[in-house]
Amino acid sequence: MNIVGMDVGSTTVKAVAVDDKGEVVWRDYQRHNTKQAEKVHEFLLRMEAECGLTRERDLIFFTGSGAGLTAPMVGAKTIQEVVAVAAAVEKFHPEVHFVSEIGGEDMKTIFFVDSGSGKAKQVYMQSACSGGTGTFIEKTARKLQIPADQLAIMPYEGMSLHKVSSKCGIFAEADSNSLLKSGVPVEEIIASLFEAVVYQNLATLTKGNTPAPQVLLLGGPNMFFKGLQEAWRHHLKNVWADRGIELPEGADVADMILVPDEALYYAALGCVEIGKGEADGVGVYLGPDRVKWWVDEGQHLEKAKEGGKALVNGTGDLESFASAYAAPKSCNGVAEGRKIDGPVYIGCDFGSTTAKAVVLSPDREMLYTAYVQSKGNPIEDAKALFRDIRAGGVKHVAGLALTGYGKDLLQDIIGADLGVVETVAHARSAMEIFPDADVICDVGGTDVKIMILRQGTVADFRLNSQCSSGNGAFLQGVAERYDVKLEEYAEKAFEAKAMPSLAMGCGVFLQSDIVNQQRKGWSAEEIMASLAAVLPLNVWIYAGQLQNLRSVGRRFVLQGGTHRNMAVVKAQVDFIKNKVPDAEIVIHPHSGEAGAIGAALCAMEAADGVAPSGFRGFDVIEHLNYRSTTSEDTICKWCPVNCKRAFIDVELEGAKGRSWSKIPLEEGWERVISGNSCPKGLVEDVNEMKAVKAEMEEQRRVYPNIGEMVREKAFRRAWAPT
Amino acid sequence: MAKWFARKPSAAPGPRPDLEARAKLRIGIPKLLNVWTTHQFWLGFFGALGVPNNRVVFSGDTSEEQAREFGRGRGTVDCCYPVKCGAGHYGELVFGQKRKIDILFSPMIYSLSSFLQGHVADSLACPRVMAGPENIKAGFLKERDVFAENGIRYVSPLVSLAEPAIVPKQLYEALKDVIPGLSYKETRAAVDEGYRTLKGFNTEMRARSREILEWCARENRPCVMVLARPYHMDAGIGHEIEVDLQAYGYPILWMQYFPIDDDLMQWIFGPDMAAGHIKSPFDIDDVWPSSYSANTNEILWGAKVAARVPWITCAIRLTSYECGMDQPTFTPVQQIIERSHTLFFSFQELDSTKPAGSVKIRVETISFYMQQSSERIIEQKQAVTPPGCPLLPQAESKLATAKAELAASA
């Protein structure tokens, strides 16, 4: 009699067959490329032919994330993965105290603690997010075009490490891209990924337990990536030294960390071990016929059953939607039929990739919009933007406000009357088109912002830039994969008569879920429709953490680049109306310029009609004299990324200069820092920090804070009457 | 025998080797949870027992570095970050002291001596916070007794600070074996001293708050009131969000230390009492009938105060990730404050990392609206408050003059 253990994982299928004597008579490991059932069927046929697997006689046990579907079809009993792995470890490695198994889309740790009567097990597992899993590494490696065999031998030891997001695979990919662009070698990026994976495993899956020797590393990534093994050795060595864990006489750290040859088969072997102890009649093999049926027919029936709904329910639905929500357009240049004469109000939005400006007449008509792609030098960007505005015919500037990332840098230099924080600018512009708006939902390419308004103010603000779920980036990625232009996305998605349902959550897993659905026979437009349909869930619930949409209000403004896609808008409208039946939803007509419009409106409101604008004038901006310095001294030292910044020094009347700087600046000059990848880099170095701190100290003295007094006084000495 | 005779008569009570030993003790107290509102009680208490203040060591502010260096891998399964960060505090006291501590004292504070006590149903601590030390200590005892290995006695008594009569017993039982020569009588006196010290400190902080309010009233300037649990004063828990706002030029009050002088209370709550809504200024029955939790009660009371004082034009609410005690208070606190036209902003789900980017944007946002609307808010609120504000120096004299004039004309 044979006992078969089959591990149907998220990316691979592994199986072993053991005979009466306990010898392994058959084993294999293969990627299934999302065709789980097909691969299971193939393995069963091969086992029947190659090692005599016989129905009604032999026993079969399944484990793994894909076991639930196929196990009942062959008569197999399903065994929980961690239980299976633990059973195998206990049999083969009684001396092991810690196991890490990293899979394609999950990670697990098992602690074995010696107790009086044997061993107690403590198990932790994570499968909701890509951080710390095999996909996390492979996704970036694919992007960097590293072949699998090369990835396997890339080292960790001796490499300089860089900061890579350990939490989200999509951001890790983005971090890797920017590292690559700044000239970091591929080897160092991969080593940093190994670091991130081990860090994530230790940070989230140890929970107070010490991973004591011996340690067993299991699963594909741990087995195949030499660098990952090195990263484990490095970290475990430190943990053991910290905790004063002594290794046996003469043993080396490496001896205590085992990566067995059968590392891939432990779950399958564990199934066999558990199967041996099962009662008679449990797990009797029924043959591969039903799996065959599923592959040929069943899964397609499933598709038909699932696909009851679509993004559009009949033509009437689309028509009423289309008439209610026209596609927002972005405009550039003079708005039709409007002349620019007389005083105007200008709002500029200096973002990290673009700079935009909007020109409003005193009666709030939009007269002109300008747009430039950022070249990385804010002064040049400002010059280009104002050149454009001037060319548009603007002569008399009555008020000017800036918003966006560059507002603090450029306010003095351009002579803006106001710097307006992004949220206020967006809220102001939204209230212009929708005076009683309750919520603004801004979905951009790489982040999701939700602003909740009350009493005419931004009362709450949710920013998600830590997790890629819900933003427009993967929508774009999928459209690219299908070779569909983003502008045609909606049209395609609306054609779908049905669509699969995708699971909300991690964007990386969503991508593999898509492959899975595709395989079931769903077409490109159907999948594109479903992707649009899942976006609101990701935006509001997964990323925005707003379980109860009603509680934030009933008047919604949708804006941001991703809402140019009407398929997304349709999904948003349906989702919001389902949760808030009396919701009113407006698409911001000038979505991309919302920030600039808000700034212009703020400038208009701040102007009292008496004091002239502080705007320095087109000529002054055009002829701004500046010098740019990039040297060892301009490199940002706040974190290990070490951005190569540029100090752009601008000649400006009345500027204070920077006498304390390593690159001193005389009076009459103002410094602008660019090339930093995060706001911290806007502070030059410790010297500037000191100058800033001194200013803050003074501010604190004038405006006291009771909390600070408590922090200072409460813990020093007992109060005594004075 | 010879020693007896050699003694000078002036040293009649006899040498107290136990007192000498106490003066050499080092006691470490993790600066977490409700220690943030009872700090001075412990300094006063141990001081009275003969342990000098400079030998009572509090751990530092919570920080990710602290957690990494001293608490790594000892974290316990708890989604309450103010509890979870305790591993770093314990670790700092055990491993991070130049001079080793002898006792790690981490009280499980069951109830608190709140200024609302007697006006509310009860003054209990959050049960999760109370039991926090039990949870944290597990990370140090799970595999080996880390305290014993480092020569430290771990003392973690249950303390019912809202019931002063039983506190001496609780502390005596917990400390009699670790403080040399400790007697019950001494403990009782030391507890009294603890209460006295805490009260003195609180009174002083309230006086400082009053100074701020008087300045605001005189200059007609806005200030900010923070509504939070006491441990949000910890720079690693509250992330000093209010400090960022202070930098924009707004004085910051914390509800815990709002002045409770009679004249002010009468001015703020007089109309409510006259209308029969509440029985005393410290009664919160009109907005929060289930008044069991000390910190929660104070937050609700603080909201009422913030809504009524004209110069508090903005209230900031800080709450930690998934705080079950705070959840039901979100809506009432927000509504109490917003109905008075006061600006209200809440920072929820605070956790280990300061979401610096988002906080910066939000603080700038708040500052913008405060600058834009404070003047209007002060006017609106002043229009509905009674005359004779005791924060204004001239009010009293004006009132006196008016009365005198009235009397003269009669």
# chains A, B, ... in the order shown; residues from 1 in each chain; ligands from 1
$ closest_atom_pairs --of "chain B" --to "chain A" --cutoff "7 Å" --atoms "only C-alpha atoms" --output "tab-separated table"
residue	atom	partner	partner_atom	distance
B:His39	CA	A:Phe715	CA	6.1
B:Gln40	CA	A:Ala718	CA	5.8
B:Leu43	CA	A:Ala718	CA	5.3
B:Gly44	CA	A:Ala718	CA	5.5
B:Asn53	CA	A:Arg717	CA	5.5
B:Phe58	CA	A:Phe715	CA	6.9
B:Gly73	CA	A:Gly208	CA	4.5
B:Arg74	CA	A:Gly208	CA	4.1
B:Gly75	CA	A:Gly208	CA	4.9
B:Thr76	CA	A:Gly208	CA	5.8
B:Val77	CA	A:Lys207	CA	6.6
B:Gly139	CA	A:Gly208	CA	5.9
B:Thr197	CA	A:Trp719	CA	5.6
B:Gly200	CA	A:Trp719	CA	6.4
B:Phe201	CA	A:Trp719	CA	5.5
B:Ser209	CA	A:Ile706	CA	6.8
B:Met233	CA	A:Gly707	CA	5.8
B:Gln246	CA	A:Tyr703	CA	6.5
B:Ala247	CA	A:Gln699	CA	5.9
B:Gly249	CA	A:Tyr703	CA	6.0
B:Tyr250	CA	A:Tyr703	CA	5.8
B:Pro251	CA	A:Tyr703	CA	4.4
B:Ile252	CA	A:Asn705	CA	4.4
B:Leu253	CA	A:Ile706	CA	5.5
B:Trp254	CA	A:Ile706	CA	6.2
B:Phe344	CA	A:Ala459	CA	6.8
B:Phe345	CA	A:Ala459	CA	5.3
B:Ser346	CA	A:Asp460	CA	6.9
B:Ser358	CA	A:Leu463	CA	6.4
B:Ile361	CA	A:Val421	CA	6.7
B:Glu364	CA	A:Val421	CA	6.3
B:Thr365	CA	A:Val421	CA	6.2
B:Tyr369	CA	A:Thr457	CA	6.9
$ write_last_selection --atoms "N, CA and C atoms" --output "JSON list (two decimals), in the first residue's frame"
[["chain", "number", "residue", "atom", "x", "y", "z"],
["B", 39, "HIS", "N", 2.62, 59.64, 38.42],
["B", 39, "HIS", "CA", 4.06, 59.83, 38.63],
["B", 39, "HIS", "C", 4.42, 60.36, 40.01],
["B", 40, "GLN", "N", 3.79, 61.50, 40.34],
["B", 40, "GLN", "CA", 4.18, 62.20, 41.57],
["B", 40, "GLN", "C", 3.75, 61.43, 42.81],
["B", 43, "LEU", "N", 6.73, 59.17, 43.43],
["B", 43, "LEU", "CA", 7.91, 59.88, 43.94],
["B", 43, "LEU", "C", 7.69, 60.27, 45.40],
["B", 44, "GLY", "N", 6.50, 60.77, 45.71],
["B", 44, "GLY", "CA", 6.20, 61.15, 47.09],
["B", 44, "GLY", "C", 6.19, 59.94, 48.01],
["B", 53, "ASN", "N", 14.57, 60.66, 45.75],
["B", 53, "ASN", "CA", 14.00, 60.84, 44.41],
["B", 53, "ASN", "C", 14.97, 60.46, 43.30],
["B", 58, "PHE", "N", 12.83, 56.46, 36.28],
["B", 58, "PHE", "CA", 11.78, 56.16, 35.31],
["B", 58, "PHE", "C", 12.44, 55.82, 33.97],
["B", 73, "GLY", "N", 11.76, 41.22, 20.28],
["B", 73, "GLY", "CA", 11.49, 39.80, 20.49],
["B", 73, "GLY", "C", 10.83, 39.49, 21.81],
["B", 74, "ARG", "N", 10.59, 40.53, 22.66],
["B", 74, "ARG", "CA", 9.91, 40.27, 23.92],
["B", 74, "ARG", "C", 8.49, 40.80, 23.87],
["B", 75, "GLY", "N", 8.13, 41.32, 22.71],
["B", 75, "GLY", "CA", 6.80, 41.89, 22.55],
["B", 75, "GLY", "C", 5.74, 40.84, 22.76],
["B", 76, "THR", "N", 4.60, 41.28, 23.26],
["B", 76, "THR", "CA", 3.54, 40.33, 23.51],
["B", 76, "THR", "C", 2.41, 40.60, 22.53],
["B", 77, "VAL", "N", 1.53, 39.64, 22.42],
["B", 77, "VAL", "CA", 0.44, 39.78, 21.46],
["B", 77, "VAL", "C", -0.61, 40.70, 22.04],
["B", 139, "GLY", "N", 6.98, 38.49, 28.58],
["B", 139, "GLY", "CA", 8.10, 38.49, 27.63],
["B", 139, "GLY", "C", 9.45, 38.34, 28.32],
["B", 197, "THR", "N", 1.60, 64.81, 47.46],
["B", 197, "THR", "CA", 2.53, 65.25, 46.43],
["B", 197, "THR", "C", 1.84, 65.35, 45.08],
["B", 200, "GLY", "N", -0.42, 68.30, 44.99],
["B", 200, "GLY", "CA", 0.35, 69.54, 44.87],
["B", 200, "GLY", "C", 0.79, 69.78, 43.44],
["B", 201, "PHE", "N", 1.27, 68.73, 42.82],
["B", 201, "PHE", "CA", 1.75, 68.84, 41.45],
["B", 201, "PHE", "C", 0.60, 69.20, 40.51],
["B", 209, "SER", "N", -2.02, 76.24, 33.69],
["B", 209, "SER", "CA", -3.05, 76.27, 32.65],
["B", 209, "SER", "C", -3.89, 77.54, 32.77],
["B", 233, "MET", "N", 0.79, 61.83, 26.45],
["B", 233, "MET", "CA", 1.84, 62.84, 26.67],
["B", 233, "MET", "C", 3.20, 62.25, 26.36],
["B", 246, "GLN", "N", 2.00, 73.66, 18.46],
["B", 246, "GLN", "CA", 2.56, 74.71, 19.32],
["B", 246, "GLN", "C", 3.55, 75.56, 18.51],
["B", 247, "ALA", "N", 4.30, 74.89, 17.63],
["B", 247, "ALA", "CA", 5.29, 75.60, 16.84],
["B", 247, "ALA", "C", 4.65, 76.63, 15.91],
["B", 249, "GLY", "N", 2.47, 78.62, 16.97],
["B", 249, "GLY", "CA", 2.12, 79.76, 17.79],
["B", 249, "GLY", "C", 0.81, 79.62, 18.55],
["B", 250, "TYR", "N", 0.48, 78.40, 18.96],
["B", 250, "TYR", "CA", -0.72, 78.22, 19.77],
["B", 250, "TYR", "C", -0.36, 77.56, 21.10],
["B", 251, "PRO", "N", -0.72, 78.19, 22.24],
["B", 251, "PRO", "CA", -0.48, 77.53, 23.52],
["B", 251, "PRO", "C", -1.35, 76.26, 23.61],
["B", 252, "ILE", "N", -0.84, 75.26, 24.33],
["B", 252, "ILE", "CA", -1.52, 73.98, 24.37],
["B", 252, "ILE", "C", -1.96, 73.63, 25.80],
["B", 253, "LEU", "N", -3.24, 73.36, 25.95],
["B", 253, "LEU", "CA", -3.76, 72.89, 27.24],
["B", 253, "LEU", "C", -4.05, 71.40, 27.14],
["B", 254, "TRP", "N", -3.87, 70.69, 28.24],
["B", 254, "TRP", "CA", -4.28, 69.28, 28.30],
["B", 254, "TRP", "C", -5.44, 69.21, 29.29],
["B", 344, "PHE", "N", -12.59, 70.84, 15.53],
["B", 344, "PHE", "CA", -12.27, 69.55, 16.14],
["B", 344, "PHE", "C", -11.52, 68.68, 15.14],
["B", 345, "PHE", "N", -10.39, 68.17, 15.57],
["B", 345, "PHE", "CA", -9.61, 67.27, 14.71],
["B", 345, "PHE", "C", -9.17, 66.08, 15.53],
["B", 346, "SER", "N", -9.35, 64.90, 14.95],
["B", 346, "SER", "CA", -8.90, 63.76, 15.75],
["B", 346, "SER", "C", -7.83, 62.98, 15.00],
["B", 358, "SER", "N", 1.80, 62.45, 6.91],
["B", 358, "SER", "CA", 0.39, 62.76, 7.06],
["B", 358, "SER", "C", 0.15, 63.71, 8.24],
["B", 361, "ILE", "N", 1.00, 67.32, 7.16],
["B", 361, "ILE", "CA", -0.06, 67.90, 6.34],
["B", 361, "ILE", "C", -1.25, 68.26, 7.22],
["B", 364, "GLU", "N", -0.53, 71.35, 9.43],
["B", 364, "GLU", "CA", -0.60, 72.56, 8.60],
["B", 364, "GLU", "C", -2.05, 72.92, 8.30],
["B", 365, "THR", "N", -2.84, 71.86, 8.06],
["B", 365, "THR", "CA", -4.27, 72.08, 7.78],
["B", 365, "THR", "C", -4.95, 72.72, 8.98],
["B", 369, "TYR", "N", -6.78, 76.50, 9.37],
["B", 369, "TYR", "CA", -8.17, 76.79, 9.77],
["B", 369, "TYR", "C", -8.22, 77.58, 11.08]]
$ select_by_dssp --residues "segment 202-406 of chain B" --states "helix (DSSP H, G or I)" --output "PyMOL selection string"
chain B and resi 202-219+230-233+241-246+255-257+262-274+294-308+327-338+356-383+393-406
$ write_last_selection --atoms "C-alpha atoms" --output "mmCIF file, in the first residue's frame"
data_model
loop_
_atom_site.group_PDB
_atom_site.id
_atom_site.type_symbol
_atom_site.label_atom_id
_atom_site.label_comp_id
_atom_site.auth_asym_id
_atom_site.auth_seq_id
_atom_site.Cartn_x
_atom_site.Cartn_y
_atom_site.Cartn_z
ATOM 1 C CA ASN B 202 -1.666 68.727 39.793
ATOM 2 C CA THR B 203 -2.627 71.979 41.469
ATOM 3 C CA GLU B 204 0.511 73.634 40.171
ATOM 4 C CA MET B 205 -0.102 72.418 36.609
ATOM 5 C CA ARG B 206 -3.684 73.671 36.812
ATOM 6 C CA ALA B 207 -2.373 77.046 37.913
ATOM 7 C CA ARG B 208 -0.096 77.126 34.868
ATOM 8 C CA SER B 209 -3.053 76.271 32.649
ATOM 9 C CA ARG B 210 -4.970 79.102 34.207
ATOM 10 C CA GLU B 211 -2.137 81.495 33.439
ATOM 11 C CA ILE B 212 -2.322 80.420 29.804
ATOM 12 C CA LEU B 213 -6.082 80.905 29.722
ATOM 13 C CA GLU B 214 -5.810 84.329 31.335
ATOM 14 C CA TRP B 215 -3.233 85.348 28.752
ATOM 15 C CA CYS B 216 -5.520 84.143 25.944
ATOM 16 C CA ALA B 217 -8.479 85.996 27.413
ATOM 17 C CA ARG B 218 -6.493 89.185 27.913
ATOM 18 C CA GLU B 219 -4.914 89.111 24.461
ATOM 19 C CA PRO B 230 -2.597 60.629 30.008
ATOM 20 C CA TYR B 231 -0.010 58.423 28.307
ATOM 21 C CA HIS B 232 -0.495 60.285 25.048
ATOM 22 C CA MET B 233 1.835 62.837 26.673
ATOM 23 C CA ILE B 241 1.532 66.057 17.554
ATOM 24 C CA GLU B 242 0.519 68.955 19.788
ATOM 25 C CA VAL B 243 4.130 70.188 19.808
ATOM 26 C CA ASP B 244 3.979 70.581 16.038
ATOM 27 C CA LEU B 245 0.913 72.742 16.515
ATOM 28 C CA GLN B 246 2.561 74.708 19.322
ATOM 29 C CA MET B 255 -7.675 68.401 29.676
ATOM 30 C CA GLN B 256 -6.102 66.542 32.621
ATOM 31 C CA TYR B 257 -4.735 69.798 34.016
ATOM 32 C CA ASP B 262 -14.607 77.545 41.862
ATOM 33 C CA ASP B 263 -14.930 80.902 40.136
ATOM 34 C CA LEU B 264 -14.035 79.434 36.761
ATOM 35 C CA MET B 265 -16.229 76.366 37.190
ATOM 36 C CA GLN B 266 -19.177 78.510 38.190
ATOM 37 C CA TRP B 267 -18.666 80.726 35.154
ATOM 38 C CA ILE B 268 -18.339 77.788 32.764
ATOM 39 C CA PHE B 269 -21.043 75.513 34.149
ATOM 40 C CA GLY B 270 -23.279 77.897 36.124
ATOM 41 C CA PRO B 271 -25.958 78.118 33.406
ATOM 42 C CA ASP B 272 -26.051 74.307 33.016
ATOM 43 C CA MET B 273 -26.489 73.872 36.749
ATOM 44 C CA ALA B 274 -29.120 76.570 36.921
ATOM 45 C CA ALA B 294 -11.564 57.601 34.892
ATOM 46 C CA ASN B 295 -9.702 58.588 31.721
ATOM 47 C CA THR B 296 -12.807 58.325 29.551
ATOM 48 C CA ASN B 297 -14.834 60.441 31.994
ATOM 49 C CA GLU B 298 -12.155 63.111 31.958
ATOM 50 C CA ILE B 299 -12.107 63.184 28.151
ATOM 51 C CA LEU B 300 -15.874 63.741 28.066
ATOM 52 C CA TRP B 301 -15.605 66.431 30.724
ATOM 53 C CA GLY B 302 -12.756 68.023 28.779
ATOM 54 C CA ALA B 303 -14.940 68.109 25.675
ATOM 55 C CA LYS B 304 -17.623 69.977 27.594
ATOM 56 C CA VAL B 305 -15.095 72.486 28.848
ATOM 57 C CA ALA B 306 -13.518 72.946 25.413
ATOM 58 C CA ALA B 307 -16.952 73.611 23.968
ATOM 59 C CA ARG B 308 -17.668 76.341 26.528
ATOM 60 C CA GLN B 327 -14.354 53.969 20.305
ATOM 61 C CA PRO B 328 -17.753 54.749 21.858
ATOM 62 C CA THR B 329 -16.657 58.271 22.784
ATOM 63 C CA PHE B 330 -15.703 59.386 19.256
ATOM 64 C CA THR B 331 -19.124 60.628 18.239
ATOM 65 C CA PRO B 332 -20.206 62.273 21.517
ATOM 66 C CA VAL B 333 -16.888 64.095 21.913
ATOM 67 C CA GLN B 334 -16.961 65.295 18.315
ATOM 68 C CA GLN B 335 -20.568 66.448 18.551
ATOM 69 C CA ILE B 336 -20.147 68.220 21.883
ATOM 70 C CA ILE B 337 -17.273 70.225 20.489
ATOM 71 C CA GLU B 338 -18.535 70.888 16.997
ATOM 72 C CA ALA B 356 5.156 62.012 9.793
ATOM 73 C CA GLY B 357 4.054 62.942 6.288
ATOM 74 C CA SER B 358 0.389 62.759 7.062
ATOM 75 C CA VAL B 359 0.777 64.468 10.460
ATOM 76 C CA LYS B 360 2.682 67.352 8.898
ATOM 77 C CA ILE B 361 -0.065 67.897 6.340
ATOM 78 C CA ARG B 362 -2.765 67.654 8.992
ATOM 79 C CA VAL B 363 -1.029 70.026 11.400
ATOM 80 C CA GLU B 364 -0.604 72.559 8.599
ATOM 81 C CA THR B 365 -4.266 72.078 7.778
ATOM 82 C CA ILE B 366 -5.317 72.673 11.385
ATOM 83 C CA SER B 367 -3.099 75.711 11.680
ATOM 84 C CA PHE B 368 -4.622 77.138 8.493
ATOM 85 C CA TYR B 369 -8.166 76.790 9.773
ATOM 86 C CA MET B 370 -7.260 78.107 13.229
ATOM 87 C CA GLN B 371 -5.716 81.155 11.680
ATOM 88 C CA GLN B 372 -8.679 81.613 9.391
ATOM 89 C CA SER B 373 -11.489 81.040 11.897
ATOM 90 C CA SER B 374 -10.283 81.615 15.478
ATOM 91 C CA GLU B 375 -11.410 85.210 15.646
ATOM 92 C CA ARG B 376 -14.906 84.295 14.466
ATOM 93 C CA ILE B 377 -15.070 81.282 16.802
ATOM 94 C CA ILE B 378 -14.084 83.351 19.835
ATOM 95 C CA GLU B 379 -16.815 85.863 19.007
ATOM 96 C CA GLN B 380 -19.434 83.188 18.449
ATOM 97 C CA LYS B 381 -18.616 81.443 21.705
ATOM 98 C CA GLN B 382 -18.372 84.661 23.685
ATOM 99 C CA ALA B 383 -21.858 85.582 22.531
ATOM 100 C CA PRO B 393 -8.833 90.813 35.405
ATOM 101 C CA GLN B 394 -11.165 93.706 34.788
ATOM 102 C CA ALA B 395 -14.261 91.570 34.826
ATOM 103 C CA GLU B 396 -14.438 91.462 38.557
ATOM 104 C CA SER B 397 -13.926 95.162 38.965
ATOM 105 C CA LYS B 398 -16.400 95.891 36.172
ATOM 106 C CA LEU B 399 -18.935 93.711 37.855
ATOM 107 C CA ALA B 400 -18.306 95.389 41.173
ATOM 108 C CA THR B 401 -18.742 98.803 39.574
ATOM 109 C CA ALA B 402 -21.938 97.755 37.888
ATOM 110 C CA LYS B 403 -23.315 96.426 41.157
ATOM 111 C CA ALA B 404 -22.352 99.574 42.976
ATOM 112 C CA GLU B 405 -24.022 101.707 40.311
ATOM 113 C CA LEU B 406 -27.127 99.581 40.528
#
$ atom_distance --atom1 "atom CA of Thr135 of chain A" --atom2 "atom CA of Gly104 of chain A"
5.3 Å
$ closest_residue --among "B:Lys199, B:Arg128, B:Arg26, B:Lys176" --to "Asp78 of chain B" --atoms "only C-alpha atoms"
B:Arg128
$ residues_around --residues "Val25 of chain A" --least-positions-apart "4" --cutoff "12 Å" --atoms "only C-alpha atoms" --output "VMD selection string"
chain A and resid 1 to 5 15 to 21 47 to 48 50 to 53
$ write_last_selection --atoms "C-alpha atoms" --output "PDB file, in the first residue's frame"
ATOM      1  CA  MET A   1       0.000   0.000   0.000  1.00  0.00           C
ATOM      2  CA  ASN A   2       1.247   3.483  -0.886  1.00  0.00           C
ATOM      3  CA  ILE A   3       0.522   6.659   1.003  1.00  0.00           C
ATOM      4  CA  VAL A   4       0.594   9.843  -1.044  1.00  0.00           C
ATOM      5  CA  GLY A   5       1.116  13.341   0.362  1.00  0.00           C
ATOM      6  CA  ALA A  15       3.978  15.372  -4.014  1.00  0.00           C
ATOM      7  CA  VAL A  16       5.587  12.300  -2.442  1.00  0.00           C
ATOM      8  CA  ALA A  17       4.516   8.663  -2.448  1.00  0.00           C
ATOM      9  CA  VAL A  18       5.759   6.359   0.325  1.00  0.00           C
ATOM     10  CA  ASP A  19       5.508   2.571   0.242  1.00  0.00           C
ATOM     11  CA  ASP A  20       4.838   0.051   3.034  1.00  0.00           C
ATOM     12  CA  LYS A  21       8.466   0.154   4.156  1.00  0.00           C
ATOM     13  CA  MET A  47       2.045   8.266 -10.014  1.00  0.00           C
ATOM     14  CA  GLU A  48      -0.385   5.642 -11.268  1.00  0.00           C
ATOM     15  CA  GLU A  50       5.319   5.231 -12.377  1.00  0.00           C
ATOM     16  CA  CYS A  51       4.809   3.891  -8.857  1.00  0.00           C
ATOM     17  CA  GLY A  52       1.585   1.953  -9.106  1.00  0.00           C
ATOM     18  CA  LEU A  53      -0.779   4.303  -7.297  1.00  0.00           C
TER      19      LEU A  53
END
$ residues_around --residues "Glu65 of chain B" --least-positions-apart "3" --cutoff "12 Å" --atoms "only C-alpha atoms" --output "compact mmCIF listing (two decimals) with N, CA and C atoms, in the first residue's frame"
# COMPACT_ATOMS: atom_id res chain seq x y z
N GLY B 60 12.74 55.86 29.83
CA GLY B 60 12.64 57.02 28.94
C GLY B 60 11.31 57.05 28.21
N ASP B 61 11.18 58.01 27.31
CA ASP B 61 9.98 58.04 26.48
C ASP B 61 9.96 56.83 25.56
N THR B 62 8.78 56.40 25.22
CA THR B 62 8.64 55.30 24.26
C THR B 62 9.27 55.70 22.93
N ARG B 68 13.50 48.48 19.79
CA ARG B 68 14.46 47.66 19.04
C ARG B 68 15.61 47.22 19.93
N GLU B 69 16.10 48.18 20.71
CA GLU B 69 17.30 47.86 21.49
C GLU B 69 16.97 46.99 22.70
N PHE B 70 15.89 47.32 23.39
CA PHE B 70 15.65 46.64 24.67
C PHE B 70 14.45 45.68 24.66
N GLY B 71 13.54 45.88 23.71
CA GLY B 71 12.32 45.07 23.78
C GLY B 71 12.19 44.08 22.65
N ARG B 72 13.16 44.05 21.76
CA ARG B 72 13.00 43.24 20.57
C ARG B 72 12.78 41.76 20.91
N CYS B 85 4.27 48.53 23.92
CA CYS B 85 5.58 49.18 23.99
C CYS B 85 6.24 48.95 25.34
N GLY B 88 9.76 47.43 25.73
CA GLY B 88 10.93 48.30 25.60
C GLY B 88 11.26 48.99 26.92
N HIS B 89 10.21 49.43 27.64
CA HIS B 89 10.43 50.12 28.93
C HIS B 89 11.03 49.16 29.96
N GLY B 91 12.66 46.45 29.34
CA GLY B 91 14.01 46.11 28.86
C GLY B 91 15.00 47.21 29.17
N GLU B 92 14.58 48.46 29.00
CA GLU B 92 15.48 49.59 29.27
C GLU B 92 15.87 49.60 30.74
N GLY B 236 6.43 59.08 22.43
CA GLY B 236 6.38 57.95 21.51
C GLY B 236 4.97 57.40 21.32
N SER B 352 2.99 52.64 16.51
CA SER B 352 4.40 52.79 16.85
C SER B 352 5.10 53.86 16.02
N THR B 353 4.81 53.93 14.74
CA THR B 353 5.51 54.92 13.93
C THR B 353 4.68 56.19 13.80
$ select_by_dssp --residues "segment 615-688 of chain A" --states "strand (DSSP E)" --output "short mmCIF file (atom, residue, chain, number, x, y, z; two decimals) with C-alpha atoms, in the first residue's frame"
data_model
loop_
_atom_site.label_atom_id
_atom_site.label_comp_id
_atom_site.auth_asym_id
_atom_site.auth_seq_id
_atom_site.Cartn_x
_atom_site.Cartn_y
_atom_site.Cartn_z
CA TYR A 626 21.04 81.15 -9.23
CA ARG A 627 23.90 78.72 -8.87
CA SER A 628 23.57 75.03 -8.26
CA THR A 629 25.98 72.99 -6.13
CA ALA A 646 21.51 69.78 -5.28
CA PHE A 647 21.68 73.08 -3.39
CA ILE A 648 20.23 75.74 -5.62
CA ASP A 649 21.17 79.16 -4.32
CA VAL A 650 19.07 82.02 -5.57
CA GLU A 651 19.94 85.69 -5.36
CA TRP A 669 20.85 84.67 -1.14
CA GLU A 670 18.23 82.03 -0.50
CA ARG A 671 18.83 78.27 -0.69
CA VAL A 672 16.48 75.76 -2.29
CA ILE A 673 17.23 72.06 -1.86
CA SER A 674 16.24 69.59 -4.55
#
